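Chemist: Below you will find the structure I want to go over with you.
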Amino acid sequence: MSSSFVGKDRVLSTELDIEGNPGLLGSVYSDSSESHDVTHKTIASEKKEPFTEFNYTADDELDDTSSGINNQLSLKNFTFFNKIGSILNAETKGIEPVTDDEKDDNSVLNAASMWFSANMVVASYALGVIGPLAYGLNFGTSVLTIIFFNLIGMAPVAFFSVFGAEFGLRQMVLSRFLVGNVTARIFAFINVIACAGWGIINTIASAQLISIVNPGPHHCPPWAGVLIIIGGTIMVSLFGYRVIHTYEKYCWIPNFAVFLVIIARLARSGNFSNGPWGGGANTAGGVLSFGSAIYGFAAGWATYASDYTVYMPRNTNKYKIFFSVSVGLTIPLLFTQILGAAAAMGTFNDPVWKEYYDKYSVGGLTFAILSIDSVGGFGQFCCVLLALSTIAINIPNMYSIALSAQSLWNPLSKVPRVFWTLLGNIAVIAIAIPAYYKFEKFLTNFMDSISYYLAVYICIACSEHFIWRRGFKGYNPEDWNSWDKLPIGIAGCTAFGISIIGIALGMAQSYWVGNIARLIGTDGGDIGFELASSWAFIIYNILRPLELKYFGR
């Protein structure tokens, strides 16, 4: 299996692949035609009945409100998982809204530390490496690209986090208001694939790093590395919201310590150099393609964002949530990616580092920095710690995959979250082990292609909130599961469909360079995100007033 870059993939083909991978107030809808005025009840004026969790019994009746057909489904097999969750004191609540009485997470530090740990990981570090080594950028240009695209990528994640505290709605349920009911279920399906896919790729990469340590007949085989990573992920993600926040509050510490060791080794080796500054079309193409990868990694959390703030009280200051999440994202992203770019520059001055990179990709480079003519066994220990950092980035994937699955179809919401989390982890194991040996390149290319949906989702959601709902007062969260009150999604589905054309024309990958992308430099420049989001914005805001006029929602 090749372990070097192939072409211009935005993520590493074999080692340390990445995942992927925010005025706030207003009024209500209004239409110029009096016959089609749309009024929305505010949260304060609506008398609320408390939401209760589902009690799973063998005789539960599932009401498929989309078709008006009552479906009978025996849930006695799933009751077992709910009982296990209760015995373990795990979170059993699914996608039903979190009530004010249940909102007991008063710490904005939890909102920050959640994303701080999830991004203080080897995958983010690996992303920084590809600036110099995949796109030919020097260190200075890589740093500027990292800063700019991270800032615009993290903003929607911080913004959507505010919605969790305000409405108590999970991100894919909230999406029914933001992009339309049908469109939200399409995005939920893509989200399930994305959660599993990036979990697989991250796990494969870390398993390979573990296998490099202690080379010889007694090294840890890759399949065992997969079991170790997923085992750790299950132990945390199974318990739900509170345990996840507790784990993520502290797990960044050993990872940060290892990155400090890498900094020390870079300084002592003397291998770092800035490299010559470039210019022209080829540099522009490299900046756009590298920036596309950076943006996708930072914005990749947008479709999970409110999942991790739903237990925060409604009266929590919105700006505190926004800025705490912003800080929690920005610091680790900039730190790890800039460090990755610095490590990559060392390969131009040290043939041993270059050899290990060519053979084992970023894992080999990291191993060479920490172990070869370095700190020896302690360096190998540091490599293992970095590999285990993948647990921190996999946990949000495996928690949110359950909520996305429940959001797809009403009967699926009756299946306990614990079951979906276990199933997601089992699927990662079942696919990651054969993928490591047989089809990792195909899987990486596939995941790379679907990640463009993030820009479309963010663009449509922000258009709906700021233009058509005009702030938080334009929502009635009690309509979260009402097909006759939620937006249908005609504008959202159409905008999403048209944006796919923009993606095809603007993407620049090893397996496909679009007609517009190939006009930028020799190897093309990736503008798939930019084209997709701009086209989606135009189409959505042309069709949305028509949808409101003729359907009233």
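Chain labels A, B, ... are given in the sequence in which chains occur in the structure tokens; within each chain residues are numbered consecutively from 1, and ligands are likewise numbered from 1 in the order shown.
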Per residue of stretch 236-299 of chain A within 7 Å of stretch 504-522 of chain A, what are the shortest atom pair and its distance in Å to one decimal, counting only C-alpha atoms, with rows by chain and residue number, as a tab-separated table?

Modeler:
```
residue	atom	partner	partner_atom	distance
A:Ala281	CA	A:Gly521	CA	4.5
A:Asn282	CA	A:Gly521	CA	4.2
A:Gly285	CA	A:Ile520	CA	5.5
```

Chemist: Using C-alpha atoms, can you write the selected residues to a file as a tab-separated table (two decimals), in the first residue's frame?

Modeler:
```
chain	number	residue	atom	x	y	z
A	281	ALA	CA	-0.96	31.55	-10.86
A	282	ASN	CA	0.60	28.39	-9.43
A	285	GLY	CA	-3.86	27.75	-7.12
```

Chemist: Against stretch 323-333 of chain A, which residues of stretch 151-210 of chain A fall within 8 Å? For each one I want the closest pair of atoms and the distance in Å (one decimal), counting only C-alpha atoms, rows by chain and increasing residue number, as CSV.

Modeler:
```
residue,atom,partner,partner_atom,distance
A:Leu151,CA,A:Thr330,CA,7.1
A:Met154,CA,A:Ser326,CA,6.5
A:Ala155,CA,A:Ser326,CA,6.8
A:Val157,CA,A:Val325,CA,7.8
A:Ala158,CA,A:Val325,CA,5.2
A:Ser161,CA,A:Val325,CA,7.6
```

Chemist: As number ranges by chain, please: every residue in stretch 64-292 of chain A that a backbone DSSP assignment puts in strand (DSSP E).

Modeler: A: 64, 69-72

Chemist: Restricting it to C-alpha atoms, dump the selection as an mmCIF file, in the first residue's frame.

Modeler:
```cif
data_model
loop_
_atom_site.group_PDB
_atom_site.id
_atom_site.type_symbol
_atom_site.label_atom_id
_atom_site.label_comp_id
_atom_site.auth_asym_id
_atom_site.auth_seq_id
_atom_site.Cartn_x
_atom_site.Cartn_y
_atom_site.Cartn_z
ATOM 1 C CA ASP A 64 -45.019 8.565 10.572
ATOM 2 C CA ILE A 69 -49.643 6.182 8.299
ATOM 3 C CA ASN A 70 -49.305 4.638 11.747
ATOM 4 C CA ASN A 71 -46.610 2.015 11.719
ATOM 5 C CA GLN A 72 -46.346 -0.679 14.372
#
```

Chemist: Can you pull out every residue within 12 Å of stretch 460-466 of chain A, counting only C-alpha atoms, but drop anything in the same chain fewer than 6 positions away, and send it as a PyMOL selection string?

Modeler: chain A and resi 22-29+155-157+159-160+163+171-172+174-180+183-184+187+302-303+453-454+472-475+487+489+491-496+499+532-545+548+553

Chemist: To one decimal place in Å, what is the distance between atom CA of A:Ile152 and atom CA of A:Asn476?

Modeler: 29.0 Å

Chemist: I need the residue nearest A:Ala299 from this list: A:Ile130, A:Ile527, A:Val258, A:Val456. Use only C-alpha atoms for the distance.

Modeler: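 Using only C-alpha atoms, A:Ala299 sits closest to A:Val456.
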
Chemist: Which residues of stretch 368-477 of chain A sit at most 7 Å from stretch 111-126 of chain A, using only C-alpha atoms? Give each one's shortest atom pair and distance in Å (one decimal place), in chain and ascending residue order, as JSON lines.

Modeler:
```
{"residue": "A:Leu386", "atom": "CA", "partner": "A:Val122", "partner_atom": "CA", "distance": 5.9}
{"residue": "A:Ala387", "atom": "CA", "partner": "A:Val122", "partner_atom": "CA", "distance": 6.9}
{"residue": "A:Ser389", "atom": "CA", "partner": "A:Val121", "partner_atom": "CA", "distance": 5.3}
{"residue": "A:Thr390", "atom": "CA", "partner": "A:Val121", "partner_atom": "CA", "distance": 6.4}
{"residue": "A:Ala392", "atom": "CA", "partner": "A:Ala118", "partner_atom": "CA", "distance": 5.0}
{"residue": "A:Ile393", "atom": "CA", "partner": "A:Ala118", "partner_atom": "CA", "distance": 4.5}
```

Chemist: According to DSSP computed on the backbone, where in stretch 281-483 of chain A is there alpha helix (DSSP H)? Give the residues as number ranges by chain.

Modeler: A: 281-299, 318-345, 351-370, 377-388, 390-408, 410-413, 417-437, 440-450, 453-463

Chemist: At a cut-off of 8 Å, can you tabulate as a Markdown table every residue of stretch 288-356 of chain A near stretch 259-267 of chain A together with its closest atom pair and the distance in Å to one decimal, using only C-alpha atoms and ordering rows by chain then number?

Modeler:
```
| residue | atom | partner | partner_atom | distance |
| --- | --- | --- | --- | --- |
| A:Thr336 | CA | A:Phe259 | CA | 7.8 |
| A:Leu339 | CA | A:Ile263 | CA | 7.5 |
| A:Ala343 | CA | A:Leu266 | CA | 7.1 |
| A:Gly346 | CA | A:Leu266 | CA | 7.8 |
```

Chemist: Between atom CA of A:Ala402 and atom CA of A:Ile204, what is the distance, to one decimal in Å?

Modeler: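 Answer for the atom CA of A:Ala402 to atom CA of A:Ile204 separation: 21.4 Å.
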
Chemist: When you draw a straight line from atom CA of A:Ile190 to atom CA of A:Leu443, how long is it in Å?

Modeler: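 It comes out at 14.7 Å.
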